[in-house]
Amino acid sequence: MKRSLALLLGVVVACGGSSASVDGASGGSSGGGASSGGAVTPGDEHAALQLKLVDDVTVQDIAIFQAVRVNVVKAGERVAAEGAPIVAGRRGVIRVYVQPNDGVSRAVTCVLSVKAGGKQLEAKKVTKTISAPSDDAKPATVFDFDLKPEEVTTDLSYSVSLVADEATPAASAPATSDARYPRAGDFEALGATESSSVVKVVLVPVQYMADGSGRLPDVSEDQVEVYRQTMLSLYPVSKVEITVREPYVWQNAIAGNGSGWDTILNAITRLRSQDRAPADVYYYGAFAPRTSFGSFCSQGCVTGLSSLVQNPGDSVMRASVGVGYTGPRSAETMAHEIGHAHGRPHAPCGGAQGTDPSWPTTAAYKNATLGVWGFNIIDGTFINPGAGASQPHDMMSYCDPTWISDYQYNALFQRVVAVNGNQASIAPAPGSAPQPQKTRSYRIAAVDGAGNLAFDAGPAIQLDREPVGELRSLRFVGKNAAYLPVASNAHFFPYDHLPGGTLLVPEPATSYEAVEFQGKTFKR
């Protein structure tokens, strides 16, 4: 469940004005004086080898930012990508950290040379006056190089050199130097991962009829773009696809106190199955129960709900719901709720229950803080993990403001890989007729915190394989209160934070009038 959140970003450091496109989010120059311009003509092997390497400033660390800082070099030595993946086809900023000798203050040109597809590309250079060790919080001390989505390939290799006045060629390049990485002047693989990294969302505008208004959420082109850019900025993917479905009429009330939310979530879950959505598609029902967010949430409110889908094979449960008002708040709710549908529990801040038991315990992540610096590929800003009232928190927490931690980013990546690699659909394939001998009917039911069960009013859904979830035993009751001669296991998917959850009940071959569940009997 998602409660009202404040705007997306906390403390940021500008990475420069940049134009951005959605797929991969290509941008212009990054900030702190960095620029992707200023080309150096490549030489036979390494353009910077033609220039004089400095002897009083060294390369210390190198990291790439695509949403979070991912170290690839520390203390001049290569390290496996730390904390999170490097995603091919996604905009990134390579940041070079340097260390001057004591008392040094001088102009240094940092040259980034890259190869991809077997070809050396045009080098990039940035010149700055360096007089102190690099610090993320001090843009003037770091060298930033913006990589467009198409430049971040699985075969991308790079090298970095720190050179003096580029008009002064080196008489002879040293065999090794701490002013470049790798020290020998060759190229090293960046390590970007290809994962078919796409998140697909069907946005379902729920036409709200409980008050007779027929009100629809904002699914204008501009607002859908806000949804898309918010998802792309936070999720470890190269592309976010959002398709707006035709409206779904809804007659029941949805209240800010949480009443009615389980019913609409189960309805969207059933709709996804009836639409025979592909296994890798997430459904998101958006609605506007009042004329404005302020009137709906005047005394605090629930803004979204999802089941916690812990197994990547349970595609039937890839459904979430949330408010659909104009602006970034509703987009943040979508990102949070679809995070639950990706199996992500709450991060431990703000009083959320059912928090992630594997959340890091080090001080850098206390109260669901980020652990590392972040970067927004849409607007080109760096996010300071900081401290104090403006300190950002992980997007799966209940604390404001929000960004994403490297821990969460990596966990989402693992689920994206699993979903995109597992295209077997639990629902019958689109366009196919149900196959009775291969499918089984399931009824959707809501279970509240007291263990009371209420069946969804809609028809049963057809699944071509058994879901996973948590097994819960039940018995079917026929005429004259007699048990049917078969017992069964239903499949339970808990709501995140709210007590209770969704129960998928397999329909027996024999008709029944009620079920006995957790010691209570409930009519069908």
# chains A, B, ... in the order shown; residues from 1 in each chain; ligands from 1

call {"tool": "residues_around", "arguments": {"residues": "segment 62-64 of chain A", "least_positions_apart": "6", "cutoff": "8 Å", "atoms": "only C-alpha atoms", "output": "VMD selection string"}}
result
chain A and resid 70 to 74 86 92 to 97

call {"tool": "closest_atom_pairs", "arguments": {"of": "segment 220-316 of chain A", "to": "segment 363-380 of chain A", "cutoff": "12 Å", "atoms": "only C-alpha atoms", "output": "CSV"}}
result
residue,atom,partner,partner_atom,distance
A:Glu225,CA,A:Ile378,CA,11.5
A:Val226,CA,A:Ile378,CA,10.7
A:Arg228,CA,A:Ile378,CA,10.5
A:Gln229,CA,A:Ile378,CA,6.8
A:Thr230,CA,A:Ile378,CA,8.4
A:Met231,CA,A:Ile378,CA,10.4
A:Leu232,CA,A:Ile378,CA,8.1
A:Ser233,CA,A:Asn376,CA,5.8
A:Leu234,CA,A:Asn376,CA,7.9
A:Tyr235,CA,A:Ile377,CA,10.8
A:Pro236,CA,A:Ile377,CA,11.1
A:Val237,CA,A:Ile377,CA,11.5
A:Ser238,CA,A:Ile377,CA,10.9

call {"tool": "write_last_selection", "arguments": {"atoms": "C-alpha atoms", "output": "PDB file, in the first residue's frame"}}
result
ATOM      1  CA  GLU A 225       4.656  10.857 -20.147  1.00  0.00           C
ATOM      2  CA  VAL A 226       5.066  11.782 -16.463  1.00  0.00           C
ATOM      3  CA  ARG A 228       6.749   6.887 -18.159  1.00  0.00           C
ATOM      4  CA  GLN A 229       9.605   9.190 -17.214  1.00  0.00           C
ATOM      5  CA  THR A 230       9.190   8.524 -13.487  1.00  0.00           C
ATOM      6  CA  MET A 231       9.284   4.767 -14.039  1.00  0.00           C
ATOM      7  CA  LEU A 232      12.273   5.047 -16.374  1.00  0.00           C
ATOM      8  CA  SER A 233      14.228   7.243 -13.981  1.00  0.00           C
ATOM      9  CA  LEU A 234      13.913   4.703 -11.155  1.00  0.00           C
ATOM     10  CA  TYR A 235      13.771   1.250 -12.760  1.00  0.00           C
ATOM     11  CA  PRO A 236      16.908  -0.509 -14.089  1.00  0.00           C
ATOM     12  CA  VAL A 237      15.674  -0.770 -17.665  1.00  0.00           C
ATOM     13  CA  SER A 238      16.404   0.727 -21.054  1.00  0.00           C
TER      14      SER A 238
END

call {"tool": "select_by_dssp", "arguments": {"residues": "segment 83-266 of chain A", "states": "strand (DSSP E or B)", "output": "PDB file with C-alpha atoms, in the first residue's frame"}}
result
ATOM      1  CA  VAL A  87      22.277  -1.590 -17.919  1.00  0.00           C
ATOM      2  CA  GLY A  92      24.808   6.880 -18.031  1.00  0.00           C
ATOM      3  CA  VAL A  93      27.378   9.293 -16.693  1.00  0.00           C
ATOM      4  CA  ILE A  94      30.924   8.062 -16.164  1.00  0.00           C
ATOM      5  CA  ARG A  95      32.406  10.027 -13.275  1.00  0.00           C
ATOM      6  CA  VAL A  96      36.184  10.103 -12.767  1.00  0.00           C
ATOM      7  CA  TYR A  97      37.579  10.870  -9.312  1.00  0.00           C
ATOM      8  CA  VAL A  98      41.143  12.169  -8.992  1.00  0.00           C
ATOM      9  CA  GLN A  99      43.718  12.821  -6.269  1.00  0.00           C
ATOM     10  CA  PRO A 100      46.240  15.687  -6.616  1.00  0.00           C
ATOM     11  CA  ARG A 106      46.634  23.030 -11.852  1.00  0.00           C
ATOM     12  CA  ALA A 107      44.588  22.688 -15.005  1.00  0.00           C
ATOM     13  CA  VAL A 108      43.987  19.041 -15.934  1.00  0.00           C
ATOM     14  CA  THR A 109      42.264  17.641 -18.989  1.00  0.00           C
ATOM     15  CA  CYS A 110      40.558  14.317 -18.444  1.00  0.00           C
ATOM     16  CA  VAL A 111      40.152  12.303 -21.627  1.00  0.00           C
ATOM     17  CA  LEU A 112      37.684   9.428 -21.931  1.00  0.00           C
ATOM     18  CA  SER A 113      38.356   7.103 -24.846  1.00  0.00           C
ATOM     19  CA  VAL A 114      35.792   4.434 -25.723  1.00  0.00           C
ATOM     20  CA  LYS A 115      35.469   1.480 -28.066  1.00  0.00           C
ATOM     21  CA  ALA A 116      32.310  -0.312 -29.152  1.00  0.00           C
ATOM     22  CA  LYS A 119      35.708   0.565 -33.355  1.00  0.00           C
ATOM     23  CA  GLN A 120      37.255   3.354 -31.355  1.00  0.00           C
ATOM     24  CA  ALA A 123      37.078  10.637 -27.436  1.00  0.00           C
ATOM     25  CA  LYS A 124      35.514  13.017 -24.912  1.00  0.00           C
ATOM     26  CA  LYS A 125      37.423  15.526 -22.813  1.00  0.00           C
ATOM     27  CA  VAL A 126      36.839  17.827 -19.861  1.00  0.00           C
ATOM     28  CA  THR A 127      39.300  20.414 -18.514  1.00  0.00           C
ATOM     29  CA  LYS A 128      39.213  21.661 -14.905  1.00  0.00           C
ATOM     30  CA  THR A 129      41.498  23.228 -12.343  1.00  0.00           C
ATOM     31  CA  ILE A 130      42.198  20.579  -9.726  1.00  0.00           C
ATOM     32  CA  ASP A 135      34.125  14.619  -3.878  1.00  0.00           C
ATOM     33  CA  LYS A 138      31.798  19.191  -5.034  1.00  0.00           C
ATOM     34  CA  VAL A 142      35.084  15.474 -10.532  1.00  0.00           C
ATOM     35  CA  PHE A 143      35.092  14.780 -14.270  1.00  0.00           C
ATOM     36  CA  ASP A 144      31.720  13.749 -15.769  1.00  0.00           C
ATOM     37  CA  PHE A 145      31.161  12.160 -19.180  1.00  0.00           C
ATOM     38  CA  ASP A 146      27.624  11.697 -20.460  1.00  0.00           C
ATOM     39  CA  LEU A 147      26.985   8.502 -22.405  1.00  0.00           C
ATOM     40  CA  SER A 157      35.368  -0.660 -23.316  1.00  0.00           C
ATOM     41  CA  TYR A 158      37.015   2.505 -22.080  1.00  0.00           C
ATOM     42  CA  SER A 159      40.168   4.137 -20.817  1.00  0.00           C
ATOM     43  CA  VAL A 160      40.806   7.381 -18.951  1.00  0.00           C
ATOM     44  CA  SER A 161      43.848   9.670 -19.067  1.00  0.00           C
ATOM     45  CA  LEU A 162      44.773  12.855 -17.236  1.00  0.00           C
ATOM     46  CA  VAL A 163      46.811  15.086 -19.493  1.00  0.00           C
ATOM     47  CA  PRO A 169      52.633  16.139 -27.229  1.00  0.00           C
ATOM     48  CA  ARG A 180      45.489   6.942 -16.537  1.00  0.00           C
ATOM     49  CA  TYR A 181      43.283   3.912 -16.182  1.00  0.00           C
ATOM     50  CA  GLU A 188      38.893  -2.210 -20.193  1.00  0.00           C
ATOM     51  CA  ALA A 189      35.344  -3.532 -20.542  1.00  0.00           C
ATOM     52  CA  THR A 193      24.523  -6.146 -19.014  1.00  0.00           C
ATOM     53  CA  VAL A 198      11.892  -3.376 -20.669  1.00  0.00           C
ATOM     54  CA  VAL A 199       8.989  -2.825 -18.263  1.00  0.00           C
ATOM     55  CA  LYS A 200       5.572  -3.008 -19.940  1.00  0.00           C
ATOM     56  CA  VAL A 201       2.548  -1.435 -18.279  1.00  0.00           C
ATOM     57  CA  VAL A 202      -1.093  -1.344 -19.321  1.00  0.00           C
ATOM     58  CA  LEU A 203      -2.646   1.714 -17.706  1.00  0.00           C
ATOM     59  CA  VAL A 204      -6.347   1.078 -17.027  1.00  0.00           C
ATOM     60  CA  PRO A 205      -8.397   4.273 -16.587  1.00  0.00           C
ATOM     61  CA  VAL A 206     -11.108   3.360 -14.076  1.00  0.00           C
ATOM     62  CA  GLN A 207     -14.328   5.285 -14.726  1.00  0.00           C
ATOM     63  CA  TYR A 208     -15.604   6.097 -11.245  1.00  0.00           C
ATOM     64  CA  ARG A 215     -14.995  10.655 -13.489  1.00  0.00           C
ATOM     65  CA  LYS A 239      12.749   1.268 -21.934  1.00  0.00           C
ATOM     66  CA  VAL A 240       9.339   1.693 -20.316  1.00  0.00           C
ATOM     67  CA  GLU A 241       6.281   0.991 -22.453  1.00  0.00           C
ATOM     68  CA  ILE A 242       2.918   2.296 -21.250  1.00  0.00           C
ATOM     69  CA  THR A 243      -0.261   1.474 -23.158  1.00  0.00           C
ATOM     70  CA  VAL A 244      -3.550   3.115 -22.163  1.00  0.00           C
ATOM     71  CA  TYR A 248     -13.080   0.156 -17.036  1.00  0.00           C
ATOM     72  CA  VAL A 249     -16.389   1.141 -15.434  1.00  0.00           C
ATOM     73  CA  TRP A 250     -16.481   0.843 -11.644  1.00  0.00           C
TER      74      TRP A 250
END

call {"tool": "closest_residue", "arguments": {"among": "A:Ser131, A:Gln408, A:Ser298, A:Ser306", "to": "Tyr282 of chain A", "atoms": "only C-alpha atoms"}}
result
A:Ser306

call {"tool": "closest_residue", "arguments": {"among": "A:Glu77, A:Glu466, A:Asp406, A:Asp218", "to": "Pro247 of chain A", "atoms": "only C-alpha atoms"}}
result
A:Asp218

call {"tool": "closest_residue", "arguments": {"among": "A:His346, A:Arg475, A:Lys520, A:Lys148", "to": "Asp394 of chain A", "atoms": "only C-alpha atoms"}}
result
A:His346

call {"tool": "atom_distance", "arguments": {"atom1": "atom CA of Pro174 of chain A", "atom2": "atom CA of Lys52 of chain A"}}
result
9.7 Å

call {"tool": "closest_residue", "arguments": {"among": "A:Gly212, A:Gly322, A:Gly191, A:Gly354", "to": "Ala84 of chain A", "atoms": "only C-alpha atoms"}}
result
A:Gly191

call {"tool": "closest_atom_pairs", "arguments": {"of": "segment 305-378 of chain A", "to": "segment 495-518 of chain A", "cutoff": "12 Å", "atoms": "only C-alpha atoms", "output": "Markdown table"}}
result
| residue | atom | partner | partner_atom | distance |
| --- | --- | --- | --- | --- |
| A:Leu305 | CA | A:Tyr495 | CA | 7.3 |
| A:Ser306 | CA | A:Tyr495 | CA | 6.1 |
| A:Ser307 | CA | A:Tyr495 | CA | 4.4 |
| A:Leu308 | CA | A:Asp496 | CA | 5.7 |
| A:Val309 | CA | A:Tyr495 | CA | 9.2 |
| A:Gln310 | CA | A:Asp496 | CA | 11.1 |
| A:Asp314 | CA | A:Leu504 | CA | 11.4 |
| A:Val316 | CA | A:Leu504 | CA | 10.0 |
| A:Met317 | CA | A:Thr502 | CA | 9.1 |
| A:Ala319 | CA | A:Thr502 | CA | 11.4 |
| A:Ser320 | CA | A:Tyr495 | CA | 10.4 |
| A:Val321 | CA | A:Tyr495 | CA | 11.9 |
| A:His336 | CA | A:Asp496 | CA | 11.0 |
| A:Glu337 | CA | A:Asp496 | CA | 9.3 |
| A:Ile338 | CA | A:Asp496 | CA | 11.6 |
| A:Gly339 | CA | A:Asp496 | CA | 10.7 |
| A:His340 | CA | A:Asp496 | CA | 7.3 |
| A:Ala341 | CA | A:Asp496 | CA | 9.8 |
| A:His342 | CA | A:Asp496 | CA | 11.9 |
| A:Gly343 | CA | A:Asp496 | CA | 9.8 |
| A:Arg344 | CA | A:Asp496 | CA | 9.2 |
| A:Pro345 | CA | A:Asp496 | CA | 6.7 |
| A:His346 | CA | A:Asp496 | CA | 7.4 |
| A:Ala347 | CA | A:His497 | CA | 11.1 |
| A:Pro348 | CA | A:His497 | CA | 11.5 |
| A:Gly350 | CA | A:His497 | CA | 11.7 |
| A:Gly351 | CA | A:His497 | CA | 9.5 |
| A:Ala352 | CA | A:His497 | CA | 6.2 |
| A:Gln353 | CA | A:His497 | CA | 4.9 |
| A:Gly354 | CA | A:His497 | CA | 5.7 |
| A:Thr355 | CA | A:His497 | CA | 8.2 |
| A:Asp356 | CA | A:Asp496 | CA | 10.6 |

call {"tool": "write_last_selection", "arguments": {"atoms": "N, CA and C atoms", "output": "compact mmCIF listing (two decimals), in the first residue's frame"}}
result
# COMPACT_ATOMS: atom_id res chain seq x y z
N LEU A 305 -2.38 0.39 -3.94
CA LEU A 305 -2.39 -0.94 -3.33
C LEU A 305 -1.93 -1.97 -4.37
N SER A 306 -1.22 -2.96 -3.88
CA SER A 306 -0.77 -4.06 -4.72
C SER A 306 -0.59 -5.29 -3.85
N SER A 307 -0.69 -6.43 -4.45
CA SER A 307 -0.25 -7.64 -3.77
C SER A 307 1.27 -7.73 -3.86
N LEU A 308 1.87 -8.37 -2.88
CA LEU A 308 3.31 -8.61 -2.90
C LEU A 308 3.54 -9.91 -3.65
N VAL A 309 4.05 -9.81 -4.87
CA VAL A 309 4.19 -10.98 -5.75
C VAL A 309 5.62 -11.49 -5.62
N GLN A 310 5.81 -12.46 -4.76
CA GLN A 310 7.16 -12.88 -4.40
C GLN A 310 7.79 -13.84 -5.41
N ASP A 314 4.49 -15.89 -11.05
CA ASP A 314 3.08 -15.60 -10.79
C ASP A 314 2.61 -14.39 -11.59
N VAL A 316 -0.09 -13.87 -13.13
CA VAL A 316 -1.50 -13.55 -12.94
C VAL A 316 -1.68 -12.41 -11.94
N MET A 317 -0.73 -12.24 -11.02
CA MET A 317 -0.86 -11.24 -9.97
C MET A 317 -0.16 -9.93 -10.30
N ALA A 319 -0.76 -6.99 -11.07
CA ALA A 319 -1.78 -5.95 -11.12
C ALA A 319 -1.67 -5.09 -9.88
N SER A 320 -1.84 -3.79 -10.05
CA SER A 320 -1.78 -2.82 -8.96
C SER A 320 -2.78 -1.72 -9.24
N VAL A 321 -3.10 -0.92 -8.24
CA VAL A 321 -4.04 0.18 -8.41
C VAL A 321 -3.53 1.40 -7.66
N HIS A 336 5.94 2.94 -6.98
CA HIS A 336 5.96 2.22 -5.71
C HIS A 336 5.12 0.95 -5.78
N GLU A 337 3.89 1.06 -6.29
CA GLU A 337 3.00 -0.11 -6.31
C GLU A 337 3.47 -1.18 -7.29
N ILE A 338 3.96 -0.78 -8.45
CA ILE A 338 4.49 -1.78 -9.39
C ILE A 338 5.76 -2.39 -8.82
N GLY A 339 6.44 -1.66 -7.93
CA GLY A 339 7.54 -2.26 -7.19
C GLY A 339 7.08 -3.45 -6.36
N HIS A 340 5.92 -3.33 -5.70
CA HIS A 340 5.37 -4.45 -4.95
C HIS A 340 5.04 -5.61 -5.89
N ALA A 341 4.49 -5.29 -7.06
CA ALA A 341 4.18 -6.35 -8.03
C ALA A 341 5.45 -7.01 -8.55
N HIS A 342 6.59 -6.35 -8.41
CA HIS A 342 7.89 -6.94 -8.72
C HIS A 342 8.46 -7.70 -7.52
N GLY A 343 7.66 -7.88 -6.48
CA GLY A 343 8.10 -8.64 -5.33
C GLY A 343 8.86 -7.85 -4.29
N ARG A 344 8.84 -6.52 -4.39
CA ARG A 344 9.62 -5.71 -3.46
C ARG A 344 8.78 -5.28 -2.26
N PRO A 345 9.15 -5.69 -1.05
CA PRO A 345 8.45 -5.23 0.15
C PRO A 345 8.81 -3.79 0.49
N HIS A 346 8.20 -3.28 1.54
CA HIS A 346 8.50 -1.92 1.96
C HIS A 346 9.93 -1.81 2.49
N ALA A 347 10.52 -0.65 2.26
CA ALA A 347 11.78 -0.30 2.90
C ALA A 347 11.46 0.27 4.28
N PRO A 348 12.36 0.06 5.26
CA PRO A 348 12.01 0.33 6.67
C PRO A 348 12.12 1.80 7.08
N GLY A 350 9.13 5.23 8.07
CA GLY A 350 7.81 5.82 8.01
C GLY A 350 6.71 4.98 8.61
N GLY A 351 7.05 3.90 9.28
CA GLY A 351 6.05 3.10 9.94
C GLY A 351 5.43 2.01 9.11
N ALA A 352 5.97 1.76 7.92
CA ALA A 352 5.43 0.69 7.08
C ALA A 352 5.64 -0.66 7.74
N GLN A 353 4.64 -1.51 7.63
CA GLN A 353 4.74 -2.86 8.16
C GLN A 353 5.17 -3.81 7.04
N GLY A 354 5.56 -5.01 7.43
CA GLY A 354 5.98 -5.99 6.42
C GLY A 354 7.21 -5.53 5.67
N THR A 355 8.17 -4.95 6.38
CA THR A 355 9.35 -4.41 5.71
C THR A 355 10.30 -5.51 5.28
N ASP A 356 11.19 -5.15 4.39
CA ASP A 356 12.14 -6.08 3.79
C ASP A 356 13.09 -6.64 4.86

call {"tool": "closest_residue", "arguments": {"among": "A:Thr153, A:Ser197, A:Thr58, A:Asn311", "to": "Phe413 of chain A", "atoms": "only C-alpha atoms"}}
result
A:Ser197

call {"tool": "select_by_dssp", "arguments": {"residues": "segment 365-459 of chain A", "states": "helix (DSSP H, G or I)", "output": "ChimeraX atom specification"}}
result
/A:365-368,406-421

call {"tool": "atom_distance", "arguments": {"atom1": "atom CA of Val302 of chain A", "atom2": "atom CA of Asn257 of chain A"}}
result
6.2 Å

call {"tool": "residues_around", "arguments": {"residues": "Ala288 of chain A", "least_positions_apart": "2", "cutoff": "7 Å", "atoms": "only C-alpha atoms", "output": "JSON, numbers by chain"}}
result
{"A": [208, 215, 216, 217, 290, 291, 323, 324, 325]}

call {"tool": "atom_distance", "arguments": {"atom1": "atom CA of Thr439 of chain A", "atom2": "atom CA of Ser273 of chain A"}}
result
12.6 Å

call {"tool": "residues_around", "arguments": {"residues": "Arg472 of chain A", "least_positions_apart": "6", "cutoff": "7 Å", "atoms": "only C-alpha atoms", "output": "ChimeraX atom specification"}}
result
/A:489-492
